[in-house]
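J.: The file below is protein_5.cif, mmCIF, C-alpha atoms:
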```cif
data_structure
#
loop_
_atom_site.label_atom_id
_atom_site.label_comp_id
_atom_site.auth_asym_id
_atom_site.auth_seq_id
_atom_site.Cartn_x
_atom_site.Cartn_y
_atom_site.Cartn_z
CA ALA A 1 9.18 -12.78 -29.12
CA ARG A 2 6.95 -10.20 -27.44
CA ASP A 3 5.68 -8.95 -30.81
CA ALA A 4 4.88 -12.53 -31.73
CA GLU A 5 2.82 -12.94 -28.55
CA ILE A 6 0.92 -9.73 -29.27
CA ALA A 7 0.19 -10.93 -32.81
CA PHE A 8 -0.97 -14.23 -31.35
CA LEU A 9 -3.46 -12.57 -29.02
CA ARG A 10 -4.81 -10.37 -31.79
CA SER A 11 -5.22 -13.41 -34.03
CA GLN A 12 -7.62 -14.92 -31.51
CA ILE A 13 -10.50 -12.80 -32.82
CA ASN A 14 -12.34 -15.91 -33.86
CA PRO A 15 -13.24 -15.93 -37.59
CA HIS A 16 -16.11 -18.32 -36.85
CA PHE A 17 -17.54 -15.86 -34.32
CA LEU A 18 -17.24 -12.99 -36.81
CA HIS A 19 -18.99 -15.05 -39.48
CA ASN A 20 -21.87 -15.87 -37.14
CA ALA A 21 -22.12 -12.30 -35.84
CA LEU A 22 -22.33 -10.85 -39.35
CA ASN A 23 -24.95 -13.44 -40.32
CA ALA A 24 -27.01 -12.53 -37.25
CA ILE A 25 -26.80 -8.84 -38.19
CA ALA A 26 -27.73 -9.57 -41.81
CA GLU A 27 -30.84 -11.48 -40.73
CA LEU A 28 -32.02 -8.48 -38.71
CA CYS A 29 -31.42 -5.84 -41.39
CA VAL A 30 -34.82 -6.15 -43.07
CA ASP A 31 -37.22 -6.79 -40.19
CA MET A 32 -35.33 -5.16 -37.29
CA PRO A 33 -32.96 -2.53 -38.72
CA ASP A 34 -32.58 -0.72 -35.39
CA LYS A 35 -31.48 -3.95 -33.71
CA ALA A 36 -29.10 -4.64 -36.61
CA GLU A 37 -27.58 -1.20 -36.14
CA GLN A 38 -27.12 -1.78 -32.40
CA LEU A 39 -25.40 -5.11 -33.02
CA THR A 40 -23.14 -3.57 -35.65
CA LEU A 41 -22.02 -0.96 -33.11
CA GLN A 42 -21.46 -3.67 -30.52
CA LEU A 43 -19.38 -5.66 -33.00
CA SER A 44 -17.36 -2.54 -33.80
CA ARG A 45 -16.71 -1.95 -30.10
CA TYR A 46 -15.70 -5.58 -29.65
CA LEU A 47 -13.22 -5.49 -32.55
CA ARG A 48 -11.75 -2.16 -31.50
CA SER A 49 -11.18 -3.36 -27.95
CA CYS A 50 -9.59 -6.60 -29.11
CA ILE A 51 -6.90 -4.97 -31.21
CA GLN A 52 -6.20 -1.65 -29.53
CA PHE A 53 -3.66 -2.72 -26.93
CA LYS A 54 -0.06 -2.39 -28.16
CA GLN A 55 1.92 -4.59 -25.80
CA LEU A 56 1.35 -7.76 -23.85
CA ASP A 57 1.85 -6.11 -20.46
CA SER A 58 -0.29 -3.06 -21.18
CA LEU A 59 -3.22 -2.45 -18.87
CA THR A 60 -6.80 -1.40 -19.38
CA GLY A 61 -9.54 -0.26 -17.02
CA LEU A 62 -11.92 -2.80 -15.53
CA ARG A 63 -14.79 -0.83 -17.04
CA ASN A 64 -13.30 -1.19 -20.52
CA GLU A 65 -12.86 -4.94 -20.13
CA LEU A 66 -16.45 -5.31 -18.92
CA GLU A 67 -17.69 -3.27 -21.88
CA LEU A 68 -15.85 -5.69 -24.14
CA VAL A 69 -17.48 -8.64 -22.36
CA GLU A 70 -20.90 -7.02 -22.70
CA ALA A 71 -20.40 -6.25 -26.39
CA TYR A 72 -19.47 -9.88 -27.04
CA ALA A 73 -22.36 -11.17 -24.92
CA VAL A 74 -24.97 -8.98 -26.63
CA ILE A 75 -23.97 -10.37 -30.02
CA GLU A 76 -24.12 -13.95 -28.76
CA GLN A 77 -27.50 -13.37 -27.12
CA ALA A 78 -28.83 -12.04 -30.43
CA ARG A 79 -27.81 -15.37 -31.97
CA PHE A 80 -28.99 -17.73 -29.24
CA GLY A 81 -31.94 -15.80 -27.79
CA GLU A 82 -33.45 -17.17 -24.58
CA ARG A 83 -31.04 -20.11 -24.56
CA LEU A 84 -28.31 -17.81 -23.25
CA GLU A 85 -28.48 -15.83 -20.02
CA ILE A 86 -25.66 -13.56 -18.82
CA ARG A 87 -25.45 -12.21 -15.28
CA TYR A 88 -23.03 -9.63 -13.91
CA GLU A 89 -22.08 -9.28 -10.25
CA VAL A 90 -19.62 -6.40 -10.00
CA ASP A 91 -18.44 -4.75 -6.80
CA ALA A 92 -15.04 -3.25 -7.55
CA ASP A 93 -13.47 0.00 -8.67
CA PRO A 94 -14.31 0.41 -12.39
CA HIS A 95 -11.01 2.25 -12.84
CA MET A 96 -8.93 -0.66 -11.56
CA ARG A 97 -6.16 -1.47 -14.04
CA ILE A 98 -6.09 -5.04 -15.36
CA PRO A 99 -4.56 -6.83 -18.35
CA PRO A 100 -6.72 -6.51 -21.48
CA LEU A 101 -8.51 -9.58 -22.86
CA ILE A 102 -8.36 -11.33 -19.48
CA LEU A 103 -12.11 -11.79 -18.85
CA GLN A 104 -13.68 -11.84 -22.31
CA PRO A 105 -11.99 -15.08 -23.44
CA LEU A 106 -13.20 -16.80 -20.27
CA VAL A 107 -16.76 -15.69 -21.05
CA GLU A 108 -16.35 -16.87 -24.63
CA ASN A 109 -15.20 -20.28 -23.43
CA ALA A 110 -18.11 -20.51 -21.01
CA ILE A 111 -20.60 -19.72 -23.77
CA ARG A 112 -19.10 -21.77 -26.59
CA HIS A 113 -17.90 -24.82 -24.70
CA GLY A 114 -20.18 -24.70 -21.67
CA VAL A 115 -23.79 -23.61 -22.00
CA MET A 116 -24.13 -23.73 -25.80
CA SER A 117 -22.91 -27.31 -25.87
CA ARG A 118 -26.32 -28.44 -24.70
CA ALA A 119 -29.69 -27.95 -26.34
CA ARG A 120 -31.37 -25.91 -23.60
CA GLY A 121 -28.43 -23.52 -23.18
CA GLY A 122 -27.84 -22.01 -19.77
CA ARG A 123 -26.41 -19.19 -17.71
CA VAL A 124 -23.00 -17.53 -17.52
CA THR A 125 -22.20 -15.41 -14.46
CA VAL A 126 -19.40 -12.84 -14.49
CA SER A 127 -18.33 -11.86 -10.99
CA VAL A 128 -15.83 -9.20 -9.94
CA LYS A 129 -15.75 -8.77 -6.16
CA ARG A 130 -13.47 -6.78 -3.91
CA LEU A 131 -12.12 -9.06 -1.16
CA ASP A 132 -10.41 -6.28 0.78
CA GLU A 133 -8.60 -3.04 0.03
CA GLY A 134 -5.82 -4.86 -1.79
CA GLU A 135 -7.42 -7.80 -3.61
CA VAL A 136 -10.18 -8.37 -6.17
CA ARG A 137 -11.54 -11.79 -7.13
CA PHE A 138 -12.61 -12.45 -10.72
CA ALA A 139 -14.84 -15.40 -11.58
CA VAL A 140 -16.61 -16.68 -14.68
CA GLU A 141 -19.06 -19.48 -13.96
CA ASP A 142 -21.43 -21.43 -16.18
CA ASP A 143 -24.02 -24.16 -15.58
CA GLY A 144 -23.18 -25.94 -18.82
CA VAL A 145 -21.85 -29.37 -19.69
CA GLY A 146 -18.75 -29.20 -17.50
CA MET A 147 -15.53 -31.12 -18.06
CA SER A 148 -13.98 -34.37 -16.96
CA ALA A 149 -10.52 -34.31 -15.39
CA ARG A 150 -9.07 -35.51 -18.69
CA LYS A 151 -10.83 -32.80 -20.69
CA LEU A 152 -9.68 -30.15 -18.24
CA GLU A 153 -6.11 -31.30 -18.68
CA GLU A 154 -6.51 -31.01 -22.45
CA VAL A 155 -7.84 -27.44 -22.44
CA LEU A 156 -4.96 -26.32 -20.25
CA GLN A 157 -2.46 -27.22 -22.96
CA PRO A 158 -0.87 -24.50 -25.17
CA ASP A 159 -2.83 -25.48 -28.27
CA ALA A 160 -4.32 -22.33 -29.83
CA SER A 161 -5.94 -24.19 -32.71
CA LYS A 162 -8.26 -26.00 -30.32
CA ASN A 163 -8.79 -23.59 -27.48
CA GLY A 164 -8.80 -20.06 -28.92
CA VAL A 165 -7.04 -17.65 -26.60
CA GLY A 166 -7.33 -20.52 -24.14
CA LEU A 167 -7.02 -21.05 -20.45
CA TRP A 168 -3.33 -21.83 -20.82
CA ASN A 169 -2.56 -18.45 -22.35
CA ILE A 170 -4.52 -16.51 -19.75
CA GLY A 171 -2.90 -18.49 -16.96
CA ARG A 172 0.52 -17.80 -18.42
CA ARG A 173 -0.11 -14.04 -18.58
CA LEU A 174 -1.29 -13.99 -14.96
CA LYS A 175 1.80 -15.91 -13.88
CA LEU A 176 4.18 -13.61 -15.77
CA LEU A 177 2.55 -10.36 -14.71
CA TYR A 178 1.44 -11.13 -11.13
CA ASP A 179 2.80 -14.57 -10.20
CA ARG A 180 -0.87 -15.63 -9.84
CA SER A 181 -2.69 -18.70 -11.12
CA LEU A 182 -6.09 -19.64 -12.51
CA ARG A 183 -8.26 -21.99 -10.47
CA ILE A 184 -10.66 -24.15 -12.42
CA ASP A 185 -13.44 -26.21 -10.84
CA SER A 186 -15.49 -28.33 -13.21
CA ALA A 187 -17.55 -31.50 -13.25
CA GLU A 188 -19.36 -33.19 -16.10
CA GLY A 189 -22.98 -32.12 -16.24
CA GLU A 190 -22.53 -29.50 -13.51
CA GLY A 191 -20.70 -26.62 -15.18
CA THR A 192 -17.37 -24.85 -14.78
CA ARG A 193 -16.04 -22.05 -12.60
CA VAL A 194 -12.79 -20.21 -13.35
CA THR A 195 -11.41 -17.84 -10.72
CA PHE A 196 -8.33 -15.73 -10.04
CA GLU A 197 -7.37 -12.83 -7.81
CA LEU A 198 -5.50 -9.66 -8.75
CA PRO A 199 -3.97 -6.99 -6.55
CA VAL A 200 -5.40 -3.50 -6.80
CA ARG A 201 -2.21 -2.14 -8.34
CA SER A 202 -0.24 -2.42 -11.55
CA PRO A 203 2.05 -5.44 -12.05
CA ASP A 204 5.16 -3.26 -11.70
CA GLY A 205 4.14 -2.20 -8.23
#
```
Any chance you could give the structure as C-alpha cells?
T.:
Amino acid sequence: ARDAEIAFLRSQINPHFLHNALNAIAELCVDMPDKAEQLTLQLSRYLRSCIQFKQLDSLTGLRNELELVEAYAVIEQARFGERLEIRYEVDADPHMRIPPLILQPLVENAIRHGVMSRARGGRVTVSVKRLDEGEVRFAVEDDGVGMSARKLEEVLQPDASKNGVGLWNIGRRLKLLYDRSLRIDSAEGEGTRVTFELPVRSPDG
C-alpha cells in the first residue's frame, strides 16, 4: 500500500505541465537560447526533485522544497510573463526537515486554478514564518478567482484525476505524519489562502 502511495505521488508530475514547459522552451531556442537553456535546467531540477524521494514519510530540507517551488515558478513565469507574479516571504531555518512535495503542489494549485483562471493573472505569495522556537507556519496565498464553499468541498475530495496531487492528499499526509490539518480560506473573486503549521522536528520525534 505504501509503494502504491509513492507511485501515486510520483505520477502527479502533470503531463500537461510538461507539455507546456517543453513548448515554452522550444519557442525560446531560436531567439533566446540562453533563456531556453536556463529553463531546461530548471525543468531538470523540478523533475529530479519530484521523483527522488523513496518513501512517503521521507523528509527533505526546507531549502530543497523551496528550490523545487522556484524551479516550477520560473517555468510558469516564462509561459505567462507579466500575468504571473510570485513572492517569497521566508523566515525559517533552511535546514528544517519537512515532507517533500508539500509546498510545490499548493503553489501549482494557486497558479493553475487561482490566478491563471482570470485574464489579468495575479500574484502568488509563498510564506514560511517561524512562530516560535518550536513551530513554523507555511502559507500559500493567491489573489485569484477564489472558490465557493461548494467548490472548496469538491477540491478536498480524494479525486486525483481532477485535482492533481490535491489538497486532500497533502492534508492526509500532514494528518498521518504530524496529526496536523490544512486550513483553507477562500472566497469567490477574492483569492485563496492555504496554511498549516509544522513542528521544528521530524515526525518521529
J.: So which one's closest to Ser186 of chain A, A:Glu153, A:Leu28, A:Arg172, A:Gly146? Using all atoms listed in the file, please.
T.: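 Going through A:Glu153, A:Leu28, A:Arg172, A:Gly146 one by one, the smallest distance to Ser186 of chain A is for A:Gly146.
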J.: What's the 10 Å shell around Glu67 of chain A, counting all atoms listed in the file, without same-chain residues fewer than 3 positions away, as an MDAnalysis selection string?
T.: chainID A and resid 42 45:46 49 61:64 70:73 104
J.: Would you pick out the contacts of Val136 of chain A at 6 Å or less, using all atoms listed in the file, so that residues sharing its chain but fewer than 6 positions from it are not included, and give the list as a ChimeraX atom specification?
T.: /A:129-130,197-198
J.: So, counting all atoms listed in the file, which residue among A:Ala78, A:Leu101, A:Leu47, A:Leu41 is closest to Glu65 of chain A?
T.: A:Leu101
J.: What's the separation between atom CA of Glu135 of chain A and atom CA of Ser58 of chain A, in Å to one decimal place?
T.: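 Separating atom CA of Glu135 of chain A from atom CA of Ser58 of chain A is a distance of 19.5 Å.
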J.: Could you work out how far atom CA of Glu76 of chain A lies from atom CA of Ala21 of chain A, giving the answer in Å with one decimal?
T.: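 Distance reported for this atom pair: 7.5 Å.
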J.: Evaluated on this file, the PyMOL selection byres ((chain A and resi 188) around 9) picks out some residues - which ones are they, written as a list in words?
T.: Gly144, Val145, Gly146, Met147, Ser148, Ala149, Ser186, Ala187, Gly189, Glu190, Gly191 and Thr192 of chain A
J.: List as a ChimeraX atom specification the protein and nucleic acid residues near Tyr88 of chain A, meaning an atom at most 10 Å away when all atoms listed in the file are counted, but skip any in the same chain fewer than 6 places from it.
T.: /A:66,70,124-128,140
J.: What would the selection look like, as an NGL selection string, if the PyMOL selection byres ((chain A and resi 106-108) around 8) were run on the coordinates I just shared?
T.: :A and (69 or 102-105 or 109-112 or 124 or 126 or 140 or 166-167 or 194)
J.: Name the residues that the PyMOL selection byres ((chain A and resi 39) around 9) pulls out of this structure, and write them as a PyMOL selection string.
T.: chain A and resi 21+24-25+34-38+40-44+71+74-75+78
J.: Go ahead and compute the interatomic distance for atom CA of Asp185 of chain A and atom CA of His95 of chain A, in Å to one decimal.
T.: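 Pair atom CA of Asp185 of chain A / atom CA of His95 of chain A returns 28.6 Å.
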J.: Can you work out which one of A:Thr60, A:Ser181, A:Gln77, A:Asn23 has the shortest atom-to-atom distance to Thr195 of chain A, counting all atoms listed in the file?
T.: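 Result for the nearest residue to Thr195 of chain A: A:Ser181.
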J.: Using only C-alpha atoms, can you tell me which of A:Ile184, A:Leu59, A:Leu18, A:Gly81 comes closest to Ala139 of chain A?
T.: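 Of the candidates, the smallest distance to Ala139 of chain A is held by A:Ile184.
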J.: So which one's closest to Pro199 of chain A, A:Gly114, A:Gly122, A:Pro33, A:Pro99? Using only C-alpha atoms, please.
T.: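 For Pro199 of chain A, the nearest of the candidates is A:Pro99.
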